[in-house]
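The next block is input.txt, given as compact mmCIF, C-alpha atoms.
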```txt
# COMPACT_ATOMS: atom_id res chain seq x y z
CA MET A 18 -33.88 -55.20 36.99
CA TYR A 19 -31.39 -53.04 38.72
CA LEU A 20 -30.71 -52.54 42.41
CA THR A 21 -30.80 -48.80 41.69
CA GLN A 22 -34.53 -48.65 41.03
CA TYR A 23 -35.34 -50.14 44.43
CA LEU A 24 -32.94 -47.77 46.15
CA LEU A 25 -34.50 -44.78 44.37
CA LEU A 26 -38.03 -45.91 45.28
CA ALA A 27 -36.92 -46.24 48.91
CA ALA A 28 -35.28 -42.80 48.81
CA ALA A 29 -38.48 -41.24 47.40
CA LEU A 30 -40.65 -42.85 50.09
CA PHE A 31 -38.15 -41.79 52.76
CA CYS A 32 -38.23 -38.16 51.63
CA ILE A 33 -42.04 -38.13 51.48
CA GLY A 34 -42.03 -39.46 55.04
CA VAL A 35 -39.61 -36.74 56.13
CA TYR A 36 -41.90 -34.14 54.55
CA GLY A 37 -44.82 -35.60 56.51
CA VAL A 38 -42.91 -35.51 59.80
CA LEU A 39 -41.88 -31.90 59.21
CA THR A 40 -45.25 -30.51 58.14
CA ARG A 41 -47.92 -32.39 60.08
CA ARG A 42 -49.31 -30.94 63.30
CA ASN A 43 -51.30 -34.01 64.31
CA GLY A 44 -49.29 -36.41 66.49
CA VAL A 45 -50.92 -39.53 65.01
CA MET A 46 -50.05 -38.37 61.49
CA VAL A 47 -46.46 -37.80 62.53
CA LEU A 48 -46.40 -41.44 63.69
CA MET A 49 -47.82 -42.53 60.32
CA SER A 50 -45.06 -40.66 58.50
CA ILE A 51 -42.47 -42.37 60.72
CA GLU A 52 -43.95 -45.72 59.65
CA LEU A 53 -43.45 -44.63 56.03
CA ILE A 54 -39.79 -43.84 56.74
CA LEU A 55 -39.23 -47.24 58.40
CA ASN A 56 -40.82 -48.97 55.41
CA ALA A 57 -38.46 -47.17 53.06
CA VAL A 58 -35.51 -48.40 55.11
CA ASN A 59 -36.93 -51.93 54.99
CA ILE A 60 -37.05 -51.84 51.18
CA ASN A 61 -33.34 -51.01 51.22
CA MET A 62 -32.62 -53.89 53.62
CA VAL A 63 -34.47 -56.48 51.55
CA ALA A 64 -33.05 -55.16 48.26
CA PHE A 65 -29.47 -55.37 49.48
CA GLY A 66 -30.14 -58.79 51.00
CA THR A 67 -31.34 -60.04 47.61
CA TYR A 68 -28.53 -58.30 45.77
CA ASN A 69 -25.81 -59.84 47.94
CA ALA A 70 -27.67 -63.21 48.20
CA ASP A 71 -27.49 -62.80 51.99
CA ILE A 72 -30.37 -63.75 54.26
CA GLY A 73 -29.36 -61.11 56.80
CA GLY A 74 -31.13 -58.33 54.93
CA GLN A 75 -34.50 -59.99 55.24
CA VAL A 76 -33.85 -60.94 58.89
CA PHE A 77 -33.04 -57.36 59.82
CA ALA A 78 -36.12 -56.15 57.92
CA LEU A 79 -38.13 -58.44 60.22
CA PHE A 80 -36.38 -56.96 63.26
CA ILE A 81 -37.21 -53.45 62.04
CA ILE A 82 -40.88 -54.46 61.66
CA ALA A 83 -40.89 -55.72 65.28
CA VAL A 84 -39.23 -52.54 66.55
CA ALA A 85 -41.71 -50.43 64.55
CA ALA A 86 -44.57 -52.27 66.26
CA ALA A 87 -43.05 -51.47 69.67
CA GLU A 88 -42.46 -47.85 68.63
CA VAL A 89 -46.00 -47.25 67.45
CA GLY A 90 -47.43 -48.80 70.63
CA VAL A 91 -45.43 -46.59 72.96
CA GLY A 92 -45.81 -43.57 70.65
CA LEU A 93 -49.60 -43.84 70.57
CA ALA A 94 -49.67 -44.22 74.35
CA ILE A 95 -47.69 -40.97 74.67
CA VAL A 96 -49.97 -39.20 72.17
CA LEU A 97 -53.02 -40.37 74.12
CA LEU A 98 -51.48 -39.07 77.34
CA ILE A 99 -50.79 -35.67 75.75
CA TYR A 100 -54.36 -35.59 74.44
CA ARG A 101 -55.73 -36.41 77.90
CA ASN A 102 -53.70 -33.68 79.57
CA ARG A 103 -54.05 -30.92 76.98
CA ARG A 104 -57.17 -31.80 74.93
CA SER A 105 -55.03 -31.43 71.80
CA ILE A 106 -52.60 -33.60 69.87
CA ASP A 107 -50.89 -30.71 68.11
CA VAL A 108 -47.23 -31.61 68.50
CA SER A 109 -46.27 -27.95 68.87
CA ASP A 110 -48.53 -27.65 71.93
CA ALA A 111 -46.45 -30.23 73.78
CA SER A 112 -43.46 -27.93 74.10
CA LEU A 113 -42.99 -27.83 77.86
CA MET A 114 -40.60 -30.11 79.69
CA ARG A 115 -42.90 -30.20 82.70
CA GLY A 116 -46.66 -30.01 83.39
CA MET B 29 -48.44 -47.96 23.83
CA LEU B 30 -47.56 -51.59 23.12
CA ALA B 31 -45.17 -50.51 20.37
CA SER B 32 -43.37 -48.16 22.70
CA VAL B 33 -43.07 -50.92 25.30
CA SER B 34 -41.54 -53.33 22.79
CA LEU B 35 -39.24 -50.58 21.49
CA PHE B 36 -38.14 -49.96 25.07
CA ALA B 37 -37.51 -53.69 25.53
CA GLN B 38 -35.43 -53.80 22.33
CA ALA B 39 -33.44 -50.75 23.29
CA THR B 40 -32.51 -52.14 26.68
CA GLY B 41 -31.58 -55.61 25.45
CA ASN B 42 -32.44 -59.08 26.58
CA SER B 43 -30.98 -58.70 30.03
CA TRP B 44 -33.79 -56.28 30.89
CA ASP B 45 -36.32 -58.33 32.82
CA LEU B 46 -39.52 -56.96 31.30
CA PRO B 47 -42.44 -58.41 33.34
CA ALA B 48 -40.74 -57.68 36.64
CA ASN B 49 -39.98 -54.16 35.45
CA ILE B 50 -43.57 -53.51 34.42
CA ALA B 51 -44.74 -54.81 37.81
CA PHE B 52 -42.17 -52.64 39.56
CA GLY B 53 -43.27 -49.56 37.60
CA ILE B 54 -46.94 -50.04 38.47
CA ILE B 55 -46.17 -50.75 42.13
CA SER B 56 -43.84 -47.82 42.54
CA VAL B 57 -46.25 -45.36 40.88
CA ILE B 58 -49.03 -46.56 43.22
CA ALA B 59 -46.74 -46.39 46.26
CA ILE B 60 -45.38 -42.92 45.59
CA GLY B 61 -48.78 -41.53 44.60
CA ALA B 62 -50.43 -42.91 47.72
CA ALA B 63 -47.56 -41.66 49.90
CA LEU B 64 -47.88 -38.16 48.43
CA ARG B 65 -51.62 -38.16 49.06
CA MET B 66 -50.97 -39.46 52.56
CA VAL B 67 -48.85 -36.48 53.55
CA THR B 68 -51.01 -33.89 51.78
CA THR B 69 -54.63 -34.90 52.46
CA ASN B 70 -56.59 -32.95 55.04
CA ASN B 71 -58.48 -35.94 56.41
CA VAL B 72 -56.83 -38.07 59.09
CA VAL B 73 -58.76 -41.25 58.27
CA HIS B 74 -58.05 -40.90 54.55
CA SER B 75 -54.40 -40.48 55.43
CA ALA B 76 -54.45 -43.79 57.33
CA LEU B 77 -56.13 -45.51 54.37
CA TYR B 78 -53.51 -44.12 51.96
CA LEU B 79 -50.89 -45.50 54.34
CA LEU B 80 -52.56 -48.90 53.88
CA ILE B 81 -52.02 -48.65 50.11
CA VAL B 82 -48.36 -47.75 50.64
CA LEU B 83 -47.83 -50.67 53.03
CA ALA B 84 -49.47 -53.12 50.60
CA SER B 85 -47.26 -51.81 47.79
CA VAL B 86 -44.17 -52.32 49.94
CA ALA B 87 -45.32 -55.92 50.55
CA ALA B 88 -45.59 -56.32 46.77
CA VAL B 89 -42.04 -54.98 46.40
CA TYR B 90 -40.86 -57.64 48.87
CA ILE B 91 -42.56 -60.32 46.76
CA LEU B 92 -40.83 -58.90 43.69
CA LEU B 93 -37.50 -59.19 45.50
CA GLY B 94 -38.21 -62.79 46.48
CA ALA B 95 -38.55 -62.12 50.21
CA GLU B 96 -41.76 -64.02 50.88
CA PHE B 97 -41.61 -64.13 54.68
CA ALA B 98 -40.96 -60.39 54.94
CA ALA B 99 -43.99 -59.78 52.68
CA ALA B 100 -46.23 -62.00 54.80
CA THR B 101 -45.00 -60.32 57.98
CA GLN B 102 -45.57 -56.90 56.42
CA VAL B 103 -49.20 -57.77 55.71
CA LEU B 104 -49.79 -59.36 59.12
CA VAL B 105 -47.99 -56.85 61.34
CA TYR B 106 -48.29 -53.55 59.47
CA ILE B 107 -51.67 -53.85 57.77
CA GLY B 108 -53.20 -56.15 60.37
CA ALA B 109 -51.94 -54.60 63.59
CA ILE B 110 -50.14 -51.27 63.28
CA LEU B 111 -52.70 -49.69 60.96
CA VAL B 112 -55.56 -50.75 63.22
CA LEU B 113 -53.63 -49.30 66.17
CA LEU B 114 -53.19 -46.01 64.29
CA LEU B 115 -56.91 -45.91 63.46
CA PHE B 116 -57.64 -46.47 67.16
CA GLY B 117 -55.34 -43.55 67.89
CA VAL B 118 -57.23 -41.38 65.41
CA MET B 119 -60.54 -42.46 66.92
CA LEU B 120 -59.50 -41.88 70.54
CA THR B 121 -57.94 -38.48 69.97
CA ARG B 122 -60.58 -36.73 67.86
CA ALA B 123 -64.30 -37.07 67.89
CA ARG B 124 -65.06 -35.82 64.40
CA LEU B 125 -63.84 -37.72 61.38
CA GLY B 126 -64.25 -35.02 58.77
CA GLY B 127 -61.66 -32.83 57.09
CA ASP B 128 -59.47 -30.47 59.03
CA GLU B 129 -57.81 -27.38 57.62
CA ASP B 130 -55.51 -26.96 60.58
CA LEU B 131 -53.50 -30.11 60.02
CA ASN B 132 -50.33 -28.68 58.50
CA TYR B 133 -47.84 -26.06 59.56
CA GLU B 134 -47.84 -22.82 57.62
CA GLN B 135 -44.14 -23.18 56.84
CA ARG B 136 -44.61 -26.25 54.67
CA TRP B 137 -42.32 -24.86 51.98
CA ILE B 138 -39.38 -25.30 54.32
CA GLY B 139 -40.33 -28.95 54.81
CA LEU B 140 -40.72 -29.35 51.05
CA GLY B 141 -37.31 -27.81 50.47
CA VAL B 142 -35.65 -30.02 53.09
CA SER B 143 -37.15 -33.23 51.73
CA LEU B 144 -36.39 -32.31 48.11
CA LEU B 145 -32.80 -31.49 49.03
CA LEU B 146 -32.55 -34.81 50.86
CA PHE B 147 -33.92 -36.63 47.84
CA VAL B 148 -31.51 -34.93 45.46
CA VAL B 149 -28.52 -35.75 47.68
CA MET B 150 -29.57 -39.38 48.21
CA GLY B 151 -30.59 -39.90 44.60
CA TYR B 152 -27.32 -38.44 43.32
CA SER B 153 -25.20 -40.59 45.59
CA ILE B 154 -27.20 -43.75 44.77
CA TRP B 155 -26.92 -43.04 41.06
CA GLU B 156 -23.23 -42.25 41.37
CA GLN B 157 -22.56 -45.50 43.21
CA TYR B 158 -24.77 -47.92 41.26
CA GLY B 159 -26.42 -46.18 38.32
CA SER B 160 -27.28 -48.63 35.58
CA LYS B 161 -23.95 -50.41 35.77
CA ASP B 162 -23.76 -54.12 35.13
CA GLU B 163 -22.82 -55.03 38.68
CA ALA B 164 -26.01 -53.41 39.97
CA LYS B 165 -28.12 -55.85 37.97
CA LEU B 166 -30.61 -58.07 39.77
CA ILE B 167 -30.91 -60.98 37.36
CA GLY B 168 -31.57 -64.59 38.19
CA TYR B 169 -31.59 -64.19 41.94
CA GLU B 170 -33.01 -66.98 44.07
CA PRO B 171 -36.05 -66.27 46.24
CA GLN B 172 -35.12 -66.38 49.92
CA ARG B 173 -37.26 -69.11 51.43
CA THR B 174 -38.93 -68.97 54.82
CA ALA B 175 -36.95 -72.02 55.99
CA GLU B 176 -33.67 -70.15 55.33
CA VAL B 177 -34.98 -67.15 57.30
CA ALA B 178 -35.89 -69.42 60.21
CA ASP B 179 -32.46 -71.08 60.12
CA ALA B 180 -30.72 -67.71 60.12
CA ILE B 181 -32.83 -66.25 62.94
CA PHE B 182 -32.38 -69.21 65.24
CA SER B 183 -28.65 -69.69 64.62
CA THR B 184 -26.75 -66.59 63.51
CA TYR B 185 -29.15 -63.94 64.77
CA ILE B 186 -30.34 -65.59 67.98
CA VAL B 187 -29.05 -62.80 70.26
CA PRO B 188 -30.79 -59.92 68.41
CA PHE B 189 -33.92 -62.08 68.25
CA GLU B 190 -33.99 -62.49 72.04
CA ALA B 191 -33.24 -58.79 72.47
CA VAL B 192 -36.24 -57.95 70.25
CA SER B 193 -38.49 -60.19 72.33
CA VAL B 194 -37.40 -58.41 75.53
CA LEU B 195 -37.93 -55.05 73.77
CA LEU B 196 -41.48 -56.02 72.79
CA LEU B 197 -42.24 -57.02 76.38
CA ALA B 198 -40.81 -53.72 77.65
CA ALA B 199 -42.84 -51.76 75.08
CA LEU B 200 -46.00 -53.64 76.07
CA ILE B 201 -45.56 -52.88 79.76
CA GLY B 202 -44.45 -49.32 79.02
CA ALA B 203 -47.49 -48.58 76.85
CA VAL B 204 -49.83 -49.94 79.53
CA VAL B 205 -48.12 -47.90 82.27
CA VAL B 206 -48.09 -44.68 80.22
CA ALA B 207 -51.66 -44.84 78.94
CA ARG B 208 -53.31 -46.16 82.13
CA ARG B 209 -55.95 -43.99 83.77
CA ASP B 210 -55.12 -43.55 87.43
```

Mind converting the file's structure to structure tokens?
Amino acid sequence: MYLTQYLLLAAALFCIGVYGVLTRRNGVMVLMSIELILNAVNINMVAFGTYNADIGGQVFALFIIAVAAAEVGVGLAIVLLIYRNRRSIDVSDASLMRG
Amino acid sequence: MLASVSLFAQATGNSWDLPANIAFGIISVIAIGAALRMVTTNNVVHSALYLLIVLASVAAVYILLGAEFAAATQVLVYIGAILVLLLFGVMLTRARLGGDEDLNYEQRWIGLGVSLLLFVVMGYSIWEQYGSKDEAKLIGYEPQRTAEVADAIFSTYIVPFEAVSVLLLAALIGAVVVARRD
């Protein structure tokens, strides 16, 4: 096996996630695409950790998982708040800086 | 089919780790296919379920790389918690669970172009740096055991670990404050 195939898989998942972030209107689906991007980064972390025989890659993948959990919690709270105020979770509706 | 596989194995030599490569091929096809369906389907719940397939495939990739604790955490945190949270988000923000035509922007070709360009740039630079050179080979690596991960977290990485615990507490309180009904 080569390191390259893992990096290319991660790059493909990352770009699919970027496509999802750019094209989805629904705020929850944008959050899902961000999760996809973070997973792609995690594959890179673990692959380089294995490649260099360094435990740090796996440890930082775990940190990224924890940060992703925090991100999705706060992100969903914000989406719920937007939905409550505007009856819509279209991310292009939430374009005002105030009320 | 079998003949072509053995021909492929002969052509690439003994250093080519065949079972792991077959597993990687299956996993990556499933992951990329499910990810593509996830960003193109018109049903929010189906999209979340395709995300589940992608997350499980990523856990399988961790197993393939010998990172057992990361794979277990992926299953517990992502599939067990984050996906359920996302499904709650879907449930709380829309009453109907059917398809929806109005889910994508009209200018999706721009998004497609941007992501394809990104993939070409990243793929070219990865291939240029590593390619199929000998030093990019992953042969005979040791699995990274959970005990080693625990040792590293609680000695070398103790400061980031504590910072993450404070961050999780802050996110918990922040989410409650933001989403609370006054």

Using all atoms listed in the file, the residue out of B:Val86, B:Arg173, B:Ile181, B:Asp45 with shortest distance to Val58 (chain A) is B:Val86

Between B:Ile154, B:Leu131, B:Val192, B:Ile81, which has the minimum distance to Ile82 (chain A) (counting all atoms listed in the file)?
B:Val192

Using all atoms listed in the file and a cut-off of 7 Å, which residues of chain B sit close to chain A? Please list them as a ChimeraX atom specification.
/B:44-45,49,56,60,63-64,67,93,95,98,110,114,117-118,121,131-133,136,139-140,143,146-147,150-151,154-155,158-160,164-167,172,177,181,196,199,202-203,206-207

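Between CA of Gln102 (chain B) and CA of Leu83 (chain B) the separation is 7.4 Å.
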
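With CA of Tyr152 (chain B) on one side and CA of Ile54 (chain A) on the other, the separation reads 19.1 Å.
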
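Going from CA of Asn71 (chain B) to CA of Arg208 (chain B) covers 28.2 Å.
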
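Distances here use all atoms listed in the file; by that measure, the residue among B:Tyr106, B:Ala175, B:Trp137, B:Asp162 closest to Leu55 (chain A) is B:Tyr106.
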